[in-house]
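Visitor: Questions regarding the structure given below will be posed in turn.
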Amino acid sequence: MVYLACSYIPYEIPLAAGMSAARGIFEGPLSAMEGYLPRDFCPYARAFIRQYGDNDVVAVAESCDAMRRVYDVLKYWNLARCAYFVDVPRTYDPEAVSFYAEELRGFASKLLDSVPLPCDSFPERLELAIKGMNRIRRELSGVFDLVSERQLLATKATQLAISINQLLACFPSLPDPSDSGFSPKHSSASGMFDNLIEEIKELINQALSEPAHLRQRRSGIPVGVSGTCLLDLSLIECIENAGLDVVFIDSCLPSRTYAFYVDNETTSDPFYALAEAYLRKMPCPRMFRGKERIRRLHELASDYDAQGLIYFAPKFCDQAYYDFIEIKHGLKSLGSLPVLFLEGQYGVGRAGQTLTRIAAFREMLEGTQILKAGKQQ
Amino acid sequence: MTPGGIKTRKSHGEIAGETRRIRIIQALSRKNWVHNVAELVINRMERQGWKPYQIDAIRCFADDFRHGYLKEKPCIFTSAFVPNELIYGLGGVPFLPEAASGFAASFGFALESLTACESLWYSPDLCSFHRAGVGASVLKLAPKPAAVVVSSQLCDGGKRSLFQISQYHDCPFYILDVPYTHSALALDRLAKQIEEAAIGLERDVPDLSRGHIDKAFANSNVARNCYLDLCKLRTNTPSPWRGSEALNYVVLFLWAWGSPWLAKFYQSLRDHAEDIIKSGDYPVPNEQFRLAWLNLRPYYSPKLFNYLEDTHQVSVAFEEFSYMYWDPLDAGDPYMSLAKKIMANPGWGPIERRLDVIDKIVREFSIDGVVQFAQWGCRQYNGAASILSDYLRKKGVPFLNLDGDGVDVRNSGEAQSITRLGAFQELLESQKIKNSR
Amino acid sequence: MRADSYVVGIDVGSSATKGVLLLDGQLVSTFMLPTGTDLNATAGECIEHLLQSEGLTEKDLMYIVSTGYGRAQVEAADRTITEITCHGRGAKALAPRAGLVIDIGGQDSKVIRLDEDGMVADFVMNDKCAAGTGRFLEVMADRLETSLMDFGRMWRAAKKPAQISSTCTVFAESEVISLLSGGMAPCAIIRGLCDAVADRLLGMVHRVGLAPDVVMTGGVSKNAGVRLSLEKKLALKVTVPDLSQFAGAYGGAIIGYELARREYAQGGLR
């Protein structure tokens with residue numbers, strides 16, 4: 001099993017290497033591991049520090065100062081069978097894409113060193129994995145379309161995304177194309193993705209078959225949620241319980257994990273296709289892509305009629321602290337979208353202070369709406 | 001404009017932190033006569049017997065500040081670890097807001113800068129070197145940048161805060177996205193980025209031209225040679241130079257590579273260290289212990305170092321930030337040469353690189369103990385504390401992770417820090433007794 | 001809605017519970033008591049006092065709005081509203097020109113900017129621990145063996161403030177000890193402490209945007225020292241209404257009165 005530490009590391013590569021892979025999602029830092037990183041470190045980074053199983057490997061990206069140190073700690077103290085480092089560029093330009101394609105090729109080759117898989121079968125397996133992941137991403141995008149259409153609570157959709165991540169963690173190894181009877185066009189490997197997609201669809205259907213009052217939103221004020229990493233579900237739950245309708249989430253899980261497509265048709269190099277798609281997606285706060293984040297957040301807010309944005313920063317997450325400043329001022333210049341800043345640790349949504357802030361934000365938005373309505377009359 | 005890109009909210013004609021004295025400094029720093037007077041004052045200081053290296057350092061900054069504030073040369077803001085040979089080589093002058101934060105703290109202006117920054121939603125949990133840098137820029141304590149160049153090393157705050165400064169001033173921004181892992185491809189990518197930045201700067205900023213690169217490289221190489229001589233002298237026991245002072249001049253080490261003044265400064269300093277060794281007139285005469293100092297220091301107060309150097313005769317023999325890590329530059333292949341310099345930074349890359357350097361410092365400078373100044377908000381360095389502690393413990397070198405803040409006095413408990421340093425000194429003492437048995 | 005419609009706003013804060021009784025939208029009575037461990041019981045006691053003071057019974061009450069950190073515990077409340085909205089409304093009612101409200105309570109501080117209609121336009125709350133709150137000042141007052149009510153007098157007696165850099169309770173306490181042992185006069189230390197709290201508030205004020213008419217509410221508003229430091233730092237007069245401690249409860253009661261009227265008009269209320 002490969003634990004991925006960042007939404008910029010493609011699931012496709014470990015899956016193609018015959019390893020199950022999932023984004024590392026945890027319930028919080030382990031008290032037994034407290035000494036490895038200082039307490040003024042982002043809770044996600046601290047939660048990532050744990051003693052992994054004998055067969056587990058971790059893939060950490062060059063996400064931020066904290067995650068670089070996570071990599072060092074995991075490696076120095078031998079907390080996983082192996083710790084890989086994926087050097088993700090901060091820019092999206094042809095040079096960066098080429099560089100990242102090579103980095104991914106290197107990552108794949110390191111993974112392949114540790115698995116008994118013939119290297120020559122890897123390209124076909126990678127192609128299958130890309131197709132399979134594209135289908136999974138499409139399914140998840142459909143789920144979040146329902147959130148935007150206010151047909152499904154964001155809490156439920158996020159829970160689904162987490163469940164799908166868990167399914168990927170249990171995904172059995174792809175069969176080896178060198179096995180007799182393997183055919184990429186109609187192979188059991190592709191069949192395994194079919195099974196996975198079926199399971200995902202079943203999960204989605206289950207969620208949608210719940211009574212409407214449990215899965216659908218109330219008619220609250222629509223808001224968006226943004227940040228680096230939401231840590232857990234409690235914040236989204238708290239926002240929805242406070243009577244606000246979450247219509248989009250811009251965070252590494254779920255949206256930055258599923259809301260894109262890898263185009264493997266227009267290039268002969270699957271690593272280039274992966275690099276291009278992963279770097280092109282909605283930029284995360286660590287990226288340097290001018291004002292694109294602000295522009296795209298503004299578009300999301302306009303498309304879904306969001307009346308406000310709730311920005312969440314995991315405590316001590318520098319990327320989020322800086323990103324928020326750009327978002328707060330940038331959105332204001334594009335039309336005064338009110339932004340609420342929240343920060344916290346795991347379980348932030350259960351803190352009384354969080355609820356007070358969100359409720360006050362709702363009251364503020366309600367006040368603005370009443371006033372607007374009054375002025376229109 | 002705020003760093004996010006819109007108009008700064010002004011109330012009653014002020015932004016937060018814009019006190020009367022700040023307005024006076026804003027105005028004075030941009031007056032020609034003030035810089036002329038500063039020159040006279042420096043001449044007088046020289047006549048009054050200030051040490052030549054001190055005068056050279058002051059002149060180095062005075063020169064760059066004059067060019068920057070009076071717009072005599074394009075002022076390019078850079079983050080720490082951008083090779084400023086590039087800026088001098090283009091005929092500009094660099095300005096490092098992070099390093100200038102140290103100045104602001106030592107001259108007592110940091111709180112205003114921090115207040116300005118916090119009023120723009122900067123979290124107090126961010127590193128104060130970056131917050132004060134943004135604040136100084138917003139308060140116009142810093143000159144106006146013609147462009148901003150950052151490298152992605154070492155920390156997130158450096159590059160992001162400077163990006164926001166570029167937004168605030170609406171000026172061109174260039175990022176050198178430094179690969180983390182070493183390979184020929186990584187070097188190529190970085191060299192190309194440096195070249196593109198140079199071409200972009202030449203294109204976007206009037207009066208910049210790549211015609212000065214040879215000179216800047218030559219200056220840098222001469223300074224490097226003198227600096228290596230100085231480092232050799234600093235291995236002497238007792239230490240010929242106060243570590244507290246060396247940590248002040250780290251600002252120059254980050255700032256002035258490529259400037260003609262840096263070579264002069266290191267020459268003078270080398271001569272000074274030689275004189276000290278010859279005369280035996282050491283700054284910490286009864287040196288009991290020698291420390292290696294990691295990361296920076298509090299710039300608003302000398303108390304910690306007075307306590308170490310004067311009360312307990314403990315020298316800071318060498319600093320991590322003073323470690324010379326690059327090879328001589330090659331003007332024949334300037335961008336690749338600068339790329340190699342950047343990639344050689346031991347703070348960038350897996351922790352083993354940093355541990356190797358610390359190990360070298362411990363051996364070369366006969367170090368008895370290592371102190372890491374755990375700057376509040378510095379994830380880059382503080383995150384390695386557990387590893388450093390274990391690594392050094394296994395080597396039998398005592399290690400102290402000293403919480404504090406180099407710029408924001410509000411985050412610092414000086415009394416607690418002194419207690420910890422006292423305990424550390426006692427630990428070194430007991431170790432010495434144990435070893436002597 | 002009847003002319004004798006009584007409405008209560010109740011603000012369950014971390015240190016004190018405050019209640020305000022309105023009759024037909026007009027303030028009739030106030031009451032304050034320390035918040036006990038049973039928040040609902042404390043709120044009940046407060047309501048009981050308000051009713052008794054006017055010879056009323058529960059049946060006379062049309063509507064109860066609860067606010068403050070214990071607002072969700074008040075079982076009798078018809079509606080809970082956050083202290084941000086309530087302090088904004090209350091301050092506007094107590095000082096009609098209010099554009100900016102600084103509320104410093106026992107465990108948190110908040111700055112609320114009001115728009116021209118008196119609605120909350122933006123707000124910010126302190127981000128961590130007791131730094132710069134009423135609790136911080138209490139700890140310091142204990143250390144200096146003085147009372148919070150004396151802060152104003154001592155502030156004025158200080159020729160210049162002592163330099164206190166931190167609002168972290170632990171760091172500031174050690175700074176105070178070291179200043180005392182260095183012979184610094186307590187009044188200078190108190191002025192320094194008030195300045196440190198004001199400095200911290202200054203950053204929050206500028207985040208939401210300074211407006212000319214600043215009103216201070218909450219328990220610490222009665223501490224003249226902090227007000228004087230704030231006035232100096234902001235170069236503005238800071239208004240402290242007589243009922244500043246009741247601003248949250250008063251705002252809650254006003255909103256309750258409006259809600260009651262709306263519901264009554266829609267036929268949903270007795």
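Simple scheme: letters A, B, ... for chains in structure tokens order, numbers from 1 for residues in each chain, numbers from 1 for ligands in the order shown.
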Among range 149-231 of chain C, which ones does DSSP assign to strand (DSSP E) (computed from the backbone)? Answer as a list in words.

Guide: Val214, Val215, Met216 and Thr217 of chain C

Visitor: Find the residues of chain B in contact range of chain A, meaning any atom within 7 Å when counting only C-alpha atoms, and list them as number ranges by chain.

Guide: B: 4-6, 121-123, 125-126, 155-157, 160, 177, 179-181, 189, 350-351, 379-380, 382-384, 386

Visitor: Which parts of range 6-48 of chain C does DSSP call helix (DSSP H, G or I) when run on the backbone here, written out as a ChimeraX atom specification?

Guide: /C:39-48

Visitor: Kindly provide, as a PDB file with C-alpha atoms, in the first residue's frame, the residues of chain C having any atom no farther than 9 Å from an atom of chain A, counting only C-alpha atoms.

Guide:
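In the end it all went to part_8.pdb:
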```pdb
ATOM      1  CA  GLY C  68     -22.984  34.494  24.335  1.00  0.00           C
ATOM      2  CA  TYR C  69     -20.832  31.413  24.550  1.00  0.00           C
ATOM      3  CA  ILE C  81     -28.154  34.383  18.014  1.00  0.00           C
ATOM      4  CA  THR C  82     -24.395  34.817  18.108  1.00  0.00           C
ATOM      5  CA  GLU C  83     -22.822  37.450  20.282  1.00  0.00           C
ATOM      6  CA  ILE C  84     -21.301  39.096  17.199  1.00  0.00           C
ATOM      7  CA  THR C  85     -24.676  40.019  15.725  1.00  0.00           C
ATOM      8  CA  ASP C 117     -27.710  50.350   8.296  1.00  0.00           C
ATOM      9  CA  MET C 119     -25.772  45.523  10.052  1.00  0.00           C
ATOM     10  CA  VAL C 120     -22.594  43.538  10.622  1.00  0.00           C
ATOM     11  CA  ALA C 121     -20.359  44.211   7.606  1.00  0.00           C
ATOM     12  CA  ASP C 122     -17.325  42.287   8.837  1.00  0.00           C
ATOM     13  CA  PHE C 123     -15.986  40.897  12.067  1.00  0.00           C
ATOM     14  CA  VAL C 124     -12.933  39.309  13.544  1.00  0.00           C
ATOM     15  CA  MET C 125     -12.431  37.389  16.765  1.00  0.00           C
ATOM     16  CA  ASP C 127      -7.469  33.712  17.476  1.00  0.00           C
TER      17      ASP C 127
END
```

Visitor: Compute the set of chain C residues within 6 Å of chain B, using only C-alpha atoms, and express it as JSON, numbers by chain.

Guide: {"C": [165, 166, 171, 203, 206, 207, 210]}

Visitor: Skip Arg191 in chain C itself and residues of its chain fewer than 6 positions away, then list as a compact mmCIF listing (two decimals) with N, CA and C atoms, in the first residue's frame all residues within 10 Å of it, counting only C-alpha atoms.

Guide:
```txt
# COMPACT_ATOMS: atom_id res chain seq x y z
N PHE C 151 -7.71 50.17 37.34
CA PHE C 151 -6.78 50.32 36.21
C PHE C 151 -6.79 51.75 35.64
N GLY C 152 -7.99 52.35 35.56
CA GLY C 152 -8.11 53.68 34.99
C GLY C 152 -7.33 54.70 35.80
N MET C 154 -4.92 54.15 37.92
CA MET C 154 -3.49 53.89 37.89
C MET C 154 -2.89 54.26 36.53
N TRP C 155 -3.65 54.02 35.49
CA TRP C 155 -3.17 54.39 34.13
C TRP C 155 -2.86 55.88 34.09
N ARG C 156 -3.81 56.66 34.66
CA ARG C 156 -3.63 58.12 34.63
C ARG C 156 -2.45 58.55 35.50
N ALA C 157 -2.20 57.78 36.55
CA ALA C 157 -1.12 58.14 37.47
C ALA C 157 0.26 57.85 36.86
N ALA C 158 0.29 56.99 35.83
CA ALA C 158 1.59 56.61 35.25
C ALA C 158 2.08 57.73 34.35
N LYS C 159 3.33 58.11 34.54
CA LYS C 159 3.89 59.16 33.68
C LYS C 159 4.11 58.59 32.28
N LYS C 160 4.69 57.40 32.23
CA LYS C 160 4.82 56.73 30.93
C LYS C 160 4.69 55.22 31.12
N PRO C 161 4.29 54.53 30.06
CA PRO C 161 4.05 53.09 30.23
C PRO C 161 5.33 52.29 30.32
N ALA C 162 5.27 51.20 31.07
CA ALA C 162 6.37 50.23 31.03
C ALA C 162 6.27 49.48 29.71
N GLN C 163 7.39 48.97 29.24
CA GLN C 163 7.39 48.24 27.97
C GLN C 163 6.99 46.79 28.23
N ILE C 164 5.74 46.44 27.86
CA ILE C 164 5.31 45.03 27.97
C ILE C 164 5.09 44.58 26.54
N VAL C 197 -2.55 45.32 25.31
CA VAL C 197 -3.87 44.83 24.89
C VAL C 197 -4.37 45.69 23.72
N GLY C 225 -8.57 51.88 31.81
CA GLY C 225 -7.18 51.84 31.34
C GLY C 225 -7.09 51.39 29.89
N VAL C 226 -7.78 50.29 29.57
CA VAL C 226 -7.73 49.78 28.20
C VAL C 226 -8.34 50.80 27.25
N LEU C 228 -8.42 54.06 27.59
CA LEU C 228 -7.48 55.17 27.40
C LEU C 228 -6.35 54.79 26.44
N SER C 229 -5.84 53.58 26.59
CA SER C 229 -4.76 53.12 25.69
C SER C 229 -5.26 53.04 24.26
```

Visitor: Do a neighbour search on Ala41 in chain C at 10 Å with only C-alpha atoms, toss out local chain neighbours closer than 6 positions, and write the hits as a ChimeraX atom specification.

Guide: /C:35,47,73-75

Visitor: Please dump the current selection as a PDB file, in the first residue's frame; keep C-alpha atoms.

Guide:
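The result, written out as part-v7.pdb:
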```pdb
ATOM      1  CA  THR C  35     -21.975  32.679  35.316  1.00  0.00           C
ATOM      2  CA  ILE C  47     -34.589  35.828  33.749  1.00  0.00           C
ATOM      3  CA  GLN C  73     -27.635  25.909  26.907  1.00  0.00           C
ATOM      4  CA  VAL C  74     -30.538  28.268  27.579  1.00  0.00           C
ATOM      5  CA  GLU C  75     -33.543  25.993  27.346  1.00  0.00           C
TER       6      GLU C  75
END
```

Visitor: Residues at most 12 Å from Ser220 in chain B, counting only C-alpha atoms, excluding those fewer than 6 positions away in the same chain, as an NGL selection string?

Guide: :B and (83-86 or 88-89 or 213-214 or 226-227 or 253 or 255-266 or 326-331 or 338 or 341)

Visitor: Contacts of Ser417 in chain B at 8 Å or less, counting only C-alpha atoms, minus same-chain residues fewer than 3 places along, as a ChimeraX atom specification?

Guide: /B:304,402-404,413-414,420-421

Visitor: Write the residues of the preceding selection, restricted to N, CA and C atoms, as a short mmCIF file (atom, residue, chain, number, x, y, z; two decimals), in the first residue's frame.

Guide:
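File produced: out-v4.cif:
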```cif
data_model
loop_
_atom_site.label_atom_id
_atom_site.label_comp_id
_atom_site.auth_asym_id
_atom_site.auth_seq_id
_atom_site.Cartn_x
_atom_site.Cartn_y
_atom_site.Cartn_z
N LEU B 304 20.67 37.82 25.24
CA LEU B 304 21.05 36.41 25.20
C LEU B 304 22.54 36.25 24.99
N LEU B 402 16.28 26.24 21.07
CA LEU B 402 15.92 27.41 21.87
C LEU B 402 14.78 28.18 21.22
N ASP B 403 13.58 28.07 21.80
CA ASP B 403 12.42 28.77 21.24
C ASP B 403 12.61 30.28 21.34
N GLY B 404 12.17 30.98 20.32
CA GLY B 404 12.26 32.44 20.37
C GLY B 404 11.78 33.06 19.08
N GLY B 413 9.99 34.88 25.16
CA GLY B 413 10.13 35.02 26.60
C GLY B 413 11.61 35.02 26.91
N GLU B 414 12.18 36.22 26.99
CA GLU B 414 13.63 36.33 27.13
C GLU B 414 14.13 35.66 28.42
N ARG B 420 17.12 28.69 29.92
CA ARG B 420 17.49 27.51 29.13
C ARG B 420 18.96 27.53 28.74
N LEU B 421 19.43 28.72 28.34
CA LEU B 421 20.84 28.82 27.97
C LEU B 421 21.72 28.55 29.19
#
```

Visitor: Skip Glu48 in chain C itself and residues of its chain fewer than 5 positions away, then list as a list of chain:residue names all residues within 10 Å of it, counting only C-alpha atoms.

Guide: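 Once the nearby chain positions are removed, what remains is C:Gly19, C:Phe31, C:Thr42, C:Ala43, C:Ser53, C:Leu56, C:Thr57, C:Glu58.
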
Visitor: Please dump the current selection as a compact mmCIF listing (two decimals), in the first residue's frame; keep N, CA and C atoms.

Guide:
```
# COMPACT_ATOMS: atom_id res chain seq x y z
N GLY C 19 -28.75 40.05 31.52
CA GLY C 19 -30.10 39.98 30.97
C GLY C 19 -30.67 41.37 30.79
N PHE C 31 -30.11 43.03 34.43
CA PHE C 31 -29.61 42.28 35.58
C PHE C 31 -28.37 41.50 35.17
N THR C 42 -28.16 29.39 35.51
CA THR C 42 -27.76 30.80 35.67
C THR C 42 -28.66 31.68 34.82
N ALA C 43 -28.90 31.26 33.58
CA ALA C 43 -29.76 32.04 32.69
C ALA C 43 -31.16 32.13 33.28
N SER C 53 -38.34 41.92 39.07
CA SER C 53 -38.14 43.36 39.22
C SER C 53 -39.32 44.15 38.68
N LEU C 56 -43.46 40.50 37.10
CA LEU C 56 -44.01 39.73 35.98
C LEU C 56 -43.83 38.24 36.23
N THR C 57 -44.49 37.46 35.40
CA THR C 57 -44.26 36.02 35.43
C THR C 57 -43.85 35.59 34.02
N GLU C 58 -43.45 34.34 33.92
CA GLU C 58 -43.00 33.80 32.63
C GLU C 58 -44.03 34.00 31.53
```

Visitor: For a quick check of understanding, using only C-alpha atoms, which of B:Phe77, B:Tyr381, B:Tyr174, B:Tyr300 has the smallest distance to Ala110 in chain B?

Guide: B:Tyr300
